[in-house]
>>> print(open('start10.cif').read())   # mmCIF, C-alpha atoms and all ligand atoms
data_work
#
loop_
_atom_site.group_PDB
_atom_site.id
_atom_site.type_symbol
_atom_site.label_atom_id
_atom_site.label_comp_id
_atom_site.auth_asym_id
_atom_site.auth_seq_id
_atom_site.Cartn_x
_atom_site.Cartn_y
_atom_site.Cartn_z
ATOM 1 C CA GLU A 121 -13.602 24.665 -12.844
ATOM 2 C CA GLN A 122 -11.576 21.728 -11.658
ATOM 3 C CA SER A 123 -12.535 18.990 -14.094
ATOM 4 C CA PRO A 124 -10.299 18.207 -17.069
ATOM 5 C CA TYR A 125 -13.290 16.488 -18.753
ATOM 6 C CA THR A 126 -16.214 17.616 -20.911
ATOM 7 C CA LEU A 127 -19.201 18.145 -18.626
ATOM 8 C CA VAL A 128 -22.635 16.670 -19.275
ATOM 9 C CA THR A 129 -25.555 18.073 -17.306
ATOM 10 C CA GLN A 130 -27.436 15.433 -15.395
ATOM 11 C CA GLY A 131 -30.615 17.527 -15.131
ATOM 12 C CA SER A 132 -33.580 15.683 -13.654
ATOM 13 C CA ARG A 133 -32.137 12.282 -14.584
ATOM 14 C CA THR A 134 -30.209 10.004 -12.294
ATOM 15 C CA MET A 135 -26.509 9.900 -13.086
ATOM 16 C CA LEU A 136 -26.897 6.344 -14.365
ATOM 17 C CA GLU A 137 -29.746 7.354 -16.701
ATOM 18 C CA ALA A 138 -27.642 10.217 -18.032
ATOM 19 C CA VAL A 139 -24.728 7.873 -18.714
ATOM 20 C CA CYS A 140 -26.979 5.309 -20.404
ATOM 21 C CA GLU A 141 -28.482 7.984 -22.653
ATOM 22 C CA LEU A 142 -25.009 9.123 -23.670
ATOM 23 C CA LEU A 143 -24.058 5.560 -24.511
ATOM 24 C CA LYS A 144 -27.269 5.037 -26.467
ATOM 25 C CA ASP A 145 -26.583 8.239 -28.444
ATOM 26 C CA GLN A 146 -23.200 6.785 -29.362
ATOM 27 C CA LYS A 147 -24.999 3.690 -30.701
ATOM 28 C CA CYS A 148 -22.658 1.422 -28.756
ATOM 29 C CA HIS A 149 -23.188 -2.286 -29.347
ATOM 30 C CA ARG A 150 -20.362 -3.502 -27.156
ATOM 31 C CA ILE A 151 -19.562 -1.821 -23.868
ATOM 32 C CA GLY A 152 -16.728 -2.547 -21.495
ATOM 33 C CA VAL A 153 -17.570 -2.651 -17.805
ATOM 34 C CA GLU A 154 -15.133 -2.874 -14.938
ATOM 35 C CA LYS A 155 -16.710 -5.751 -13.075
ATOM 36 C CA ASP A 156 -14.251 -5.329 -10.200
ATOM 37 C CA ILE A 157 -15.715 -1.884 -9.532
ATOM 38 C CA VAL A 158 -19.298 -1.438 -10.859
ATOM 39 C CA SER A 159 -21.889 -2.565 -8.304
ATOM 40 C CA ILE A 160 -24.320 -5.371 -9.150
ATOM 41 C CA ARG A 161 -27.194 -2.934 -8.618
ATOM 42 C CA ASN A 162 -25.831 -0.419 -11.159
ATOM 43 C CA PHE A 163 -24.969 -3.163 -13.629
ATOM 44 C CA GLU A 164 -28.500 -4.571 -13.412
ATOM 45 C CA LYS A 165 -29.972 -1.096 -13.977
ATOM 46 C CA MET A 166 -27.745 -0.443 -17.006
ATOM 47 C CA SER A 167 -28.471 -3.865 -18.493
ATOM 48 C CA ALA A 168 -32.200 -3.230 -18.126
ATOM 49 C CA ILE A 169 -31.950 0.141 -19.922
ATOM 50 C CA MET A 170 -29.593 -1.200 -22.625
ATOM 51 C CA SER A 171 -30.868 -4.716 -23.083
ATOM 52 C CA LEU A 172 -29.351 -5.285 -26.538
ATOM 53 C CA VAL A 173 -25.799 -4.334 -25.646
ATOM 54 C CA GLU A 174 -23.005 -6.885 -25.384
ATOM 55 C CA TRP A 175 -21.102 -6.302 -22.133
ATOM 56 C CA TYR A 176 -17.545 -7.404 -21.640
ATOM 57 C CA ASP A 177 -15.291 -7.296 -18.598
ATOM 58 C CA THR A 178 -12.461 -4.739 -18.788
ATOM 59 C CA SER A 179 -11.258 -5.181 -15.209
ATOM 60 C CA SER A 180 -7.807 -6.301 -16.301
ATOM 61 C CA ILE A 181 -7.195 -3.524 -18.874
ATOM 62 C CA LEU A 182 -6.586 -0.468 -16.683
ATOM 63 C CA PRO A 183 -4.409 -2.337 -14.176
ATOM 64 C CA LEU A 184 -2.302 -3.601 -17.090
ATOM 65 C CA LEU A 185 -1.980 -0.096 -18.537
ATOM 66 C CA ARG A 186 -1.005 1.233 -15.119
ATOM 67 C CA ARG A 187 1.511 -1.476 -14.279
ATOM 68 C CA THR A 188 4.683 -0.026 -15.842
ATOM 69 C CA LYS A 189 5.480 3.311 -14.243
ATOM 70 C CA ASP A 190 7.064 5.977 -16.447
ATOM 71 C CA SER A 191 9.640 8.386 -15.072
ATOM 72 C CA SER A 192 7.123 11.025 -14.010
ATOM 73 C CA GLU A 193 5.070 8.425 -12.153
ATOM 74 C CA VAL A 194 8.219 7.118 -10.461
ATOM 75 C CA ASP A 195 9.157 10.690 -9.515
ATOM 76 C CA SER A 196 5.762 11.120 -7.831
ATOM 77 C CA ILE A 197 6.070 7.860 -5.858
ATOM 78 C CA ARG A 198 9.660 8.717 -4.928
ATOM 79 C CA LYS A 199 8.571 12.125 -3.662
ATOM 80 C CA ALA A 200 5.669 10.509 -1.776
ATOM 81 C CA GLY A 201 8.188 8.107 -0.214
ATOM 82 C CA GLN A 202 10.611 10.840 0.780
ATOM 83 C CA ILE A 203 7.908 13.045 2.279
ATOM 84 C CA ALA A 204 6.431 10.129 4.265
ATOM 85 C CA SER A 205 9.856 9.108 5.504
ATOM 86 C CA ASP A 206 10.755 12.695 6.528
ATOM 87 C CA ALA A 207 7.366 13.153 8.221
ATOM 88 C CA TYR A 208 7.812 9.977 10.242
ATOM 89 C CA ARG A 209 11.226 11.117 11.484
ATOM 90 C CA GLU A 210 9.764 14.484 12.496
ATOM 91 C CA VAL A 211 6.771 12.950 14.309
ATOM 92 C CA LEU A 212 8.995 10.487 16.201
ATOM 93 C CA GLY A 213 10.547 13.533 17.865
ATOM 94 C CA HIS A 214 7.140 14.375 19.392
ATOM 95 C CA VAL A 215 6.303 10.933 20.785
ATOM 96 C CA SER A 216 5.619 10.768 24.507
ATOM 97 C CA LEU A 217 4.131 8.254 26.924
ATOM 98 C CA GLY A 218 0.371 8.725 27.006
ATOM 99 C CA MET A 219 0.135 9.872 23.382
ATOM 100 C CA THR A 220 -2.622 7.845 21.727
ATOM 101 C CA GLU A 221 -2.426 5.877 18.500
ATOM 102 C CA LYS A 222 -4.988 8.256 16.976
ATOM 103 C CA GLU A 223 -2.984 11.316 18.028
ATOM 104 C CA PHE A 224 0.153 9.871 16.444
ATOM 105 C CA GLU A 225 -1.755 9.106 13.239
ATOM 106 C CA ALA A 226 -3.280 12.600 13.063
ATOM 107 C CA LEU A 227 0.111 14.235 13.616
ATOM 108 C CA LEU A 228 1.706 12.048 10.946
ATOM 109 C CA GLU A 229 -0.981 12.875 8.395
ATOM 110 C CA TYR A 230 -0.741 16.579 9.261
ATOM 111 C CA THR A 231 3.048 16.468 8.857
ATOM 112 C CA VAL A 232 2.860 14.613 5.548
ATOM 113 C CA LYS A 233 0.614 17.420 4.245
ATOM 114 C CA LYS A 234 2.795 20.124 5.776
ATOM 115 C CA LEU A 235 5.800 18.702 3.922
ATOM 116 C CA GLY A 236 4.013 19.057 0.590
ATOM 117 C CA ALA A 237 1.927 15.923 -0.031
ATOM 118 C CA GLU A 238 -1.731 16.127 -1.046
ATOM 119 C CA GLY A 239 -2.577 13.901 1.874
ATOM 120 C CA GLY A 240 -2.035 10.481 3.322
ATOM 121 C CA TRP A 241 -3.985 7.541 1.976
ATOM 122 C CA GLY A 242 -7.227 9.339 1.209
ATOM 123 C CA ASN A 243 -10.095 7.377 2.724
ATOM 124 C CA HIS A 244 -7.855 4.812 4.407
ATOM 125 C CA ASN A 245 -6.388 5.388 7.855
ATOM 126 C CA PHE A 246 -2.727 4.796 8.457
ATOM 127 C CA ILE A 247 -1.984 1.799 10.679
ATOM 128 C CA VAL A 248 -0.753 2.692 14.167
ATOM 129 C CA ALA A 249 -0.791 -0.351 16.436
ATOM 130 C CA SER A 250 0.916 -0.356 19.836
ATOM 131 C CA GLY A 251 1.639 -2.932 22.527
ATOM 132 C CA ALA A 252 -0.266 -6.192 21.990
ATOM 133 C CA ARG A 253 -2.200 -4.472 19.192
ATOM 134 C CA SER A 254 0.978 -4.412 17.067
ATOM 135 C CA ALA A 255 0.294 -8.113 16.434
ATOM 136 C CA LEU A 256 -2.605 -6.962 14.228
ATOM 137 C CA PRO A 257 -1.147 -6.558 10.720
ATOM 138 C CA HIS A 258 -3.920 -4.022 9.946
ATOM 139 C CA GLY A 259 -4.401 -2.429 13.374
ATOM 140 C CA ALA A 260 -6.399 0.770 12.862
ATOM 141 C CA PRO A 261 -5.409 3.567 15.270
ATOM 142 C CA THR A 262 -7.452 3.707 18.494
ATOM 143 C CA ASP A 263 -7.561 5.769 21.690
ATOM 144 C CA LYS A 264 -5.033 3.400 23.271
ATOM 145 C CA ALA A 265 -2.200 5.396 24.860
ATOM 146 C CA PHE A 266 1.461 4.514 24.333
ATOM 147 C CA GLN A 267 2.918 2.761 27.384
ATOM 148 C CA SER A 268 6.459 2.034 28.438
ATOM 149 C CA GLY A 269 7.683 -1.171 26.805
ATOM 150 C CA ASP A 270 5.203 -1.011 23.881
ATOM 151 C CA TRP A 271 6.290 -2.009 20.404
ATOM 152 C CA VAL A 272 4.576 0.300 17.918
ATOM 153 C CA THR A 273 4.040 -0.500 14.239
ATOM 154 C CA VAL A 274 3.261 2.391 11.898
ATOM 155 C CA ASP A 275 2.186 1.669 8.309
ATOM 156 C CA PHE A 276 1.767 4.926 6.433
ATOM 157 C CA GLY A 277 2.533 6.875 3.279
ATOM 158 C CA ALA A 278 1.805 10.010 1.326
ATOM 159 C CA MET A 279 0.038 11.002 -1.892
ATOM 160 C CA VAL A 280 1.791 13.100 -4.548
ATOM 161 C CA ASN A 281 0.042 13.790 -7.880
ATOM 162 C CA GLY A 282 -2.349 10.975 -6.954
ATOM 163 C CA TYR A 283 0.487 8.442 -6.465
ATOM 164 C CA LEU A 284 1.022 6.722 -3.131
ATOM 165 C CA SER A 285 3.920 5.486 -1.070
ATOM 166 C CA ASP A 286 3.577 2.622 1.433
ATOM 167 C CA ILE A 287 6.071 2.320 4.281
ATOM 168 C CA THR A 288 6.089 0.467 7.616
ATOM 169 C CA ARG A 289 8.326 1.350 10.556
ATOM 170 C CA ASN A 290 8.490 0.161 14.153
ATOM 171 C CA PHE A 291 9.611 1.795 17.382
ATOM 172 C CA CYS A 292 9.740 0.874 21.050
ATOM 173 C CA LEU A 293 8.793 3.055 24.007
ATOM 174 C CA GLY A 294 11.950 2.747 26.064
ATOM 175 C CA ALA A 295 14.809 0.336 25.518
ATOM 176 C CA PRO A 296 13.833 -2.527 23.194
ATOM 177 C CA ASN A 297 13.912 -5.927 24.916
ATOM 178 C CA GLU A 298 15.880 -8.857 23.512
ATOM 179 C CA LYS A 299 12.882 -10.199 21.581
ATOM 180 C CA ALA A 300 12.291 -6.839 19.894
ATOM 181 C CA ARG A 301 15.926 -6.644 18.792
ATOM 182 C CA GLU A 302 15.847 -10.243 17.557
ATOM 183 C CA ILE A 303 12.671 -9.706 15.498
ATOM 184 C CA GLU A 304 13.864 -6.395 14.090
ATOM 185 C CA SER A 305 17.195 -7.808 12.956
ATOM 186 C CA LEU A 306 15.492 -10.887 11.479
ATOM 187 C CA LEU A 307 13.040 -8.705 9.515
ATOM 188 C CA LEU A 308 15.828 -6.410 8.337
ATOM 189 C CA ARG A 309 17.803 -9.430 7.085
ATOM 190 C CA ALA A 310 14.760 -10.958 5.334
ATOM 191 C CA HIS A 311 13.881 -7.555 3.861
ATOM 192 C CA ARG A 312 17.412 -6.840 2.597
ATOM 193 C CA GLU A 313 17.936 -10.313 1.081
ATOM 194 C CA ALA A 314 14.597 -10.195 -0.741
ATOM 195 C CA ALA A 315 15.231 -6.630 -1.964
ATOM 196 C CA LEU A 316 18.691 -7.614 -3.236
ATOM 197 C CA ALA A 317 17.106 -10.338 -5.378
ATOM 198 C CA LEU A 318 14.581 -7.999 -7.038
ATOM 199 C CA LYS A 319 15.215 -7.755 -10.794
ATOM 200 C CA PRO A 320 13.379 -8.202 -14.093
ATOM 201 C CA GLY A 321 12.492 -11.805 -14.956
ATOM 202 C CA VAL A 322 12.230 -13.072 -11.375
ATOM 203 C CA SER A 323 8.861 -14.279 -10.127
ATOM 204 C CA GLY A 324 6.939 -12.754 -7.237
ATOM 205 C CA ARG A 325 6.811 -16.210 -5.709
ATOM 206 C CA ASP A 326 10.604 -16.597 -5.732
ATOM 207 C CA ILE A 327 11.172 -13.210 -4.063
ATOM 208 C CA ASP A 328 8.626 -14.076 -1.390
ATOM 209 C CA ALA A 329 10.374 -17.414 -0.860
ATOM 210 C CA ILE A 330 13.732 -15.721 -0.160
ATOM 211 C CA ALA A 331 12.338 -13.709 2.769
ATOM 212 C CA ARG A 332 10.100 -16.564 3.938
ATOM 213 C CA ARG A 333 12.962 -19.083 4.083
ATOM 214 C CA ILE A 334 14.984 -16.770 6.362
ATOM 215 C CA ILE A 335 12.016 -16.296 8.698
ATOM 216 C CA VAL A 336 11.095 -20.009 8.659
ATOM 217 C CA GLU A 337 14.688 -20.992 9.492
ATOM 218 C CA GLU A 338 14.465 -18.886 12.658
ATOM 219 C CA GLY A 339 11.258 -20.697 13.617
ATOM 220 C CA TYR A 340 8.791 -17.880 12.877
ATOM 221 C CA GLY A 341 7.238 -19.116 9.617
ATOM 222 C CA GLU A 342 3.769 -19.427 11.177
ATOM 223 C CA GLN A 343 3.993 -15.830 12.392
ATOM 224 C CA PHE A 344 4.689 -14.411 8.888
ATOM 225 C CA SER A 345 1.023 -14.554 7.975
ATOM 226 C CA HIS A 346 0.814 -12.563 4.722
ATOM 227 C CA GLY A 347 2.519 -12.192 1.349
ATOM 228 C CA LEU A 348 5.824 -10.326 1.049
ATOM 229 C CA GLY A 349 4.592 -7.425 -1.060
ATOM 230 C CA HIS A 350 2.573 -5.879 -3.861
ATOM 231 C CA ALA A 351 2.840 -3.245 -6.550
ATOM 232 C CA LEU A 352 1.497 0.231 -5.868
ATOM 233 C CA GLY A 353 0.782 3.449 -7.721
ATOM 234 C CA LEU A 354 -2.571 5.224 -7.960
ATOM 235 C CA GLU A 355 -3.881 2.455 -5.701
ATOM 236 C CA ILE A 356 -2.165 1.079 -2.655
ATOM 237 C CA HIS A 357 -2.471 -2.530 -3.862
ATOM 238 C CA GLU A 358 -1.812 -3.211 -7.527
ATOM 239 C CA ASN A 359 -0.292 -6.091 -9.503
ATOM 240 C CA PRO A 360 2.253 -7.718 -9.587
ATOM 241 C CA ARG A 361 2.181 -9.451 -6.191
ATOM 242 C CA LEU A 362 5.022 -10.993 -4.221
ATOM 243 C CA SER A 363 3.509 -14.005 -2.454
ATOM 244 C CA PRO A 364 3.603 -17.815 -2.373
ATOM 245 C CA LEU A 365 0.565 -17.785 -4.718
ATOM 246 C CA SER A 366 1.923 -15.285 -7.242
ATOM 247 C CA HIS A 367 2.685 -16.240 -10.842
ATOM 248 C CA ASP A 368 3.706 -12.660 -11.708
ATOM 249 C CA ILE A 369 7.119 -12.075 -13.296
ATOM 250 C CA LEU A 370 8.791 -8.767 -12.434
ATOM 251 C CA GLN A 371 9.438 -6.250 -15.222
ATOM 252 C CA VAL A 372 11.397 -3.005 -15.566
ATOM 253 C CA GLY A 373 9.138 -0.181 -14.373
ATOM 254 C CA ASP A 374 7.279 -2.192 -11.711
ATOM 255 C CA VAL A 375 7.150 -0.475 -8.312
ATOM 256 C CA VAL A 376 6.684 -3.031 -5.538
ATOM 257 C CA THR A 377 6.759 -3.136 -1.762
ATOM 258 C CA VAL A 378 8.847 -5.542 0.306
ATOM 259 C CA GLU A 379 7.217 -5.996 3.723
ATOM 260 C CA PRO A 380 8.123 -9.034 5.784
ATOM 261 C CA GLY A 381 6.308 -9.114 9.135
ATOM 262 C CA VAL A 382 6.147 -11.330 12.199
ATOM 263 C CA TYR A 383 3.166 -11.266 14.609
ATOM 264 C CA PHE A 384 2.660 -12.882 18.024
ATOM 265 C CA PRO A 385 -1.059 -12.684 18.898
ATOM 266 C CA GLY A 386 -1.632 -11.068 22.274
ATOM 267 C CA VAL A 387 2.014 -10.007 22.515
ATOM 268 C CA GLY A 388 3.116 -7.819 19.601
ATOM 269 C CA GLY A 389 4.515 -7.740 16.095
ATOM 270 C CA MET A 390 6.631 -5.853 13.597
ATOM 271 C CA ARG A 391 6.836 -5.320 9.840
ATOM 272 C CA ILE A 392 9.443 -3.455 7.784
ATOM 273 C CA GLU A 393 8.160 -2.114 4.478
ATOM 274 C CA ASP A 394 9.738 -0.087 1.687
ATOM 275 C CA ASP A 395 9.020 0.612 -1.975
ATOM 276 C CA TYR A 396 11.315 -0.484 -4.828
ATOM 277 C CA LEU A 397 11.543 0.398 -8.514
ATOM 278 C CA ILE A 398 12.560 -2.550 -10.719
ATOM 279 C CA THR A 399 15.383 -1.402 -13.012
ATOM 280 C CA GLU A 400 17.371 -3.034 -15.842
ATOM 281 C CA THR A 401 19.990 -4.222 -13.377
ATOM 282 C CA GLY A 402 18.016 -4.867 -10.180
ATOM 283 C CA ALA A 403 16.005 -2.553 -8.001
ATOM 284 C CA GLU A 404 16.235 0.836 -6.338
ATOM 285 C CA ARG A 405 14.616 1.736 -3.006
ATOM 286 C CA ILE A 406 12.485 4.848 -3.560
ATOM 287 C CA SER A 407 10.985 5.292 -0.091
ATOM 288 C CA GLY A 408 13.708 6.984 1.901
ATOM 289 C CA ASP A 409 15.935 5.352 4.504
ATOM 290 C CA LEU A 410 15.415 1.783 5.663
ATOM 291 C CA GLN A 411 14.171 1.199 9.262
ATOM 292 C CA GLN A 412 15.611 3.678 11.747
ATOM 293 C CA GLU A 413 16.671 3.172 15.369
ATOM 294 C CA LEU A 414 14.044 1.170 17.310
ATOM 295 C CA ALA A 415 14.287 3.027 20.593
ATOM 296 C CA VAL A 416 12.225 6.150 21.229
ATOM 297 C CA LEU A 417 12.380 7.995 24.596
HETATM 298 N N1 LIG A 501 -1.142 -1.923 4.982
HETATM 299 C C1 LIG A 501 -1.124 -2.957 4.078
HETATM 300 C C2 LIG A 501 0.065 -2.984 3.253
HETATM 301 O O1 LIG A 501 1.106 -2.481 3.602
HETATM 302 O O2 LIG A 501 0.032 -3.507 2.186
HETATM 303 MN MN MN A 502 1.874 -0.695 4.203
HETATM 304 MN MN MN A 503 2.046 -2.622 1.595
#
>>> encode(input="start10.cif", output="structure tokens")
Amino acid sequence: EQSPYTLVTQGSRTMLEAVCELLKDQKCHRIGVEKDIVSIRNFEKMSAIMSLVEWYDTSSILPLLRRTKDSSEVDSIRKAGQIASDAYREVLGHVSLGMTEKEFEALLEYTVKKLGAEGGWGNHNFIVASGARSALPHGAPTDKAFQSGDWVTVDFGAMVNGYLSDITRNFCLGAPNEKAREIESLLLRAHREAALALKPGVSGRDIDAIARRIIVEEGYGEQFSHGLGHALGLEIHENPRLSPLSHDILQVGDVVTVEPGVYFPGVGGMRIEDDYLITETGAERISGDLQQELAVL
């Protein structure tokens, strides 16, 4: 009922055998295989069944086809960004001391769905990392309860028509201390300067360098331990990349994140992430408002 595809009955065969028989019926001599995705075990089984076939790697084809987002794809990501951003604002109003990271995550995912998204990030948890755990760039939510003075990093999004948004916000339980204000304003400056430079023809490496230079000049280069951003769409991480290693050149229709972060192991960290559409003249933020007020409670 739900599939848009022609159905083939598997019967008593394994799924792989059924697929191989279909391919044999087509008399295929050359078959593309996505080596990034197909397991070695399945590839070995298929090669044994179809020993005369020439296999070639198509891993780069679909990502290339998916790279440039058309207006309906952009609309979906924009809606996913707006819903996520609205949901975050709503959930912030329910934060209390003693609430756990997992409870916050569950409420955020519930709210994202309530506001009209299909879900959050599917099989991936949002990141909710509080106190010293906020120094973990990928801190999965735990039973740790929010405590007074905690910095909390929330990396989340929503799915609309299969397309994802990817946003990171930070808040403090109680008045932010001087360090929290310093790091937030540094990240906002690095984020804004890098986002202002986004336009077609610029390399991912150069955009990364703009944010990195600002953070290095303040003495926190070592603490910015990942690349500045990545494209997104049907998957959370797509090409092009914004990083010191990237050779990608931005094009109209790319949708990329900008997410500078600074992490102090054992102490805490922050990251500010939004999603941008590359346009003829520059870039447009499509993930709602930039970072909101740090203080909660
Ligand atoms: N959570 C990883 C990222 O924002 O790319
Ligand atoms: Mn993220
Ligand atoms: Mn991201």
>>> resolve_selection(input="start10.cif", expression="the PyMOL selection byres (((not hetatm)) within 8 of (chain A and resi 501))", output="PyMOL selection string")
chain A and resi 246-247+257-258+275-276+286-288+349-350+356-357+377+379+393
>>> write_last_selection(input="start10.cif", atoms="C-alpha atoms", output="short mmCIF file (atom, residue, chain, number, x, y, z; two decimals), in the frame of the given file")
data_model
loop_
_atom_site.label_atom_id
_atom_site.label_comp_id
_atom_site.auth_asym_id
_atom_site.auth_seq_id
_atom_site.Cartn_x
_atom_site.Cartn_y
_atom_site.Cartn_z
CA PHE A 246 -2.73 4.80 8.46
CA ILE A 247 -1.98 1.80 10.68
CA PRO A 257 -1.15 -6.56 10.72
CA HIS A 258 -3.92 -4.02 9.95
CA ASP A 275 2.19 1.67 8.31
CA PHE A 276 1.77 4.93 6.43
CA ASP A 286 3.58 2.62 1.43
CA ILE A 287 6.07 2.32 4.28
CA THR A 288 6.09 0.47 7.62
CA GLY A 349 4.59 -7.42 -1.06
CA HIS A 350 2.57 -5.88 -3.86
CA ILE A 356 -2.16 1.08 -2.66
CA HIS A 357 -2.47 -2.53 -3.86
CA THR A 377 6.76 -3.14 -1.76
CA GLU A 379 7.22 -6.00 3.72
CA GLU A 393 8.16 -2.11 4.48
#
>>> axis_aligned_box(input="start10.cif", around="segment 179-188 of chain A", padding_each_side="3 Å", output="lines of an AutoDock Vina configuration file")
center_x = -3.3
center_y = -2.5
center_z = -16.5
size_x = 21.9
size_y = 13.5
size_z = 10.7
>>> atom_distance(input="start10.cif", atom1="atom CA of Tyr230 of chain A", atom2="atom CA of Asn243 of chain A")
14.7 Å
>>> residues_around(input="start10.cif", residues="Trp271 of chain A", least_positions_apart="3", cutoff="8 Å", atoms="all atoms listed in the file", output="VMD selection string")
chain A and resid 250 to 252 254 290 to 293 300 388 to 390
>>> resolve_selection(input="start10.cif", expression="the PyMOL selection byres (((chain A and resi 224-228) around 10) and not hetatm)", output="number ranges by chain")
A: 204, 207-212, 214-216, 219-223, 229-234, 240, 245-248, 260-262, 265-266, 274-278
>>> closest_residue(input="start10.cif", among="A:Leu417, A:Ile334, A:Leu365, A:Leu284", to="ligand MN 503 (chain A)", atoms="all atoms listed in the file")
A:Leu284
>>> resolve_selection(input="start10.cif", expression="the PyMOL selection byres (((chain A and resi 353) around 9) and not hetatm)", output="PyMOL selection string")
chain A and resi 186-187+189+193-194+197+282-285+351-352+354-358+375
>>> atom_distance(input="start10.cif", atom1="atom CA of Ser196 of chain A", atom2="atom CA of Ile369 of chain A")
23.9 Å
>>> atom_distance(input="start10.cif", atom1="atom CA of Leu308 of chain A", atom2="atom CA of Gly218 of chain A")
28.6 Å
>>> closest_residue(input="start10.cif", among="A:Ile392, A:Ala331, A:Leu256, A:Leu306", to="ligand MN 502 (chain A)", atoms="all atoms listed in the file")
A:Ile392
>>> closest_residue(input="start10.cif", among="A:Ala237, A:Leu362, A:Val382, A:Leu410", to="Thr273 of chain A", atoms="all atoms listed in the file")
A:Val382
>>> closest_residue(input="start10.cif", among="A:Leu370, A:Ile406, A:Val153, A:Met279", to="Ser323 of chain A", atoms="only C-alpha atoms")
A:Leu370
>>> closest_residue(input="start10.cif", among="A:Thr134, A:Gln267, A:Asn359, A:Thr188", to="ligand MN 503 (chain A)", atoms="only C-alpha atoms and all ligand atoms")
A:Asn359
>>> closest_residue(input="start10.cif", among="A:His346, A:Arg333, A:Asp195, A:Asp374", to="ligand MN 503 (chain A)", atoms="all atoms listed in the file")
A:His346
>>> residues_around(input="start10.cif", residues="segment 163-167 of chain A", least_positions_apart="4", cutoff="10 Å", atoms="all atoms listed in the file", output="number ranges by chain")
A: 136-137, 139-140, 153-155, 158-159, 171-175
>>> write_last_selection(input="start10.cif", atoms="C-alpha atoms", output="mmCIF file, keeping the file's coordinate frame")
data_model
loop_
_atom_site.group_PDB
_atom_site.id
_atom_site.type_symbol
_atom_site.label_atom_id
_atom_site.label_comp_id
_atom_site.auth_asym_id
_atom_site.auth_seq_id
_atom_site.Cartn_x
_atom_site.Cartn_y
_atom_site.Cartn_z
ATOM 1 C CA LEU A 136 -26.897 6.344 -14.365
ATOM 2 C CA GLU A 137 -29.746 7.354 -16.701
ATOM 3 C CA VAL A 139 -24.728 7.873 -18.714
ATOM 4 C CA CYS A 140 -26.979 5.309 -20.404
ATOM 5 C CA VAL A 153 -17.570 -2.651 -17.805
ATOM 6 C CA GLU A 154 -15.133 -2.874 -14.938
ATOM 7 C CA LYS A 155 -16.710 -5.751 -13.075
ATOM 8 C CA VAL A 158 -19.298 -1.438 -10.859
ATOM 9 C CA SER A 159 -21.889 -2.565 -8.304
ATOM 10 C CA SER A 171 -30.868 -4.716 -23.083
ATOM 11 C CA LEU A 172 -29.351 -5.285 -26.538
ATOM 12 C CA VAL A 173 -25.799 -4.334 -25.646
ATOM 13 C CA GLU A 174 -23.005 -6.885 -25.384
ATOM 14 C CA TRP A 175 -21.102 -6.302 -22.133
#
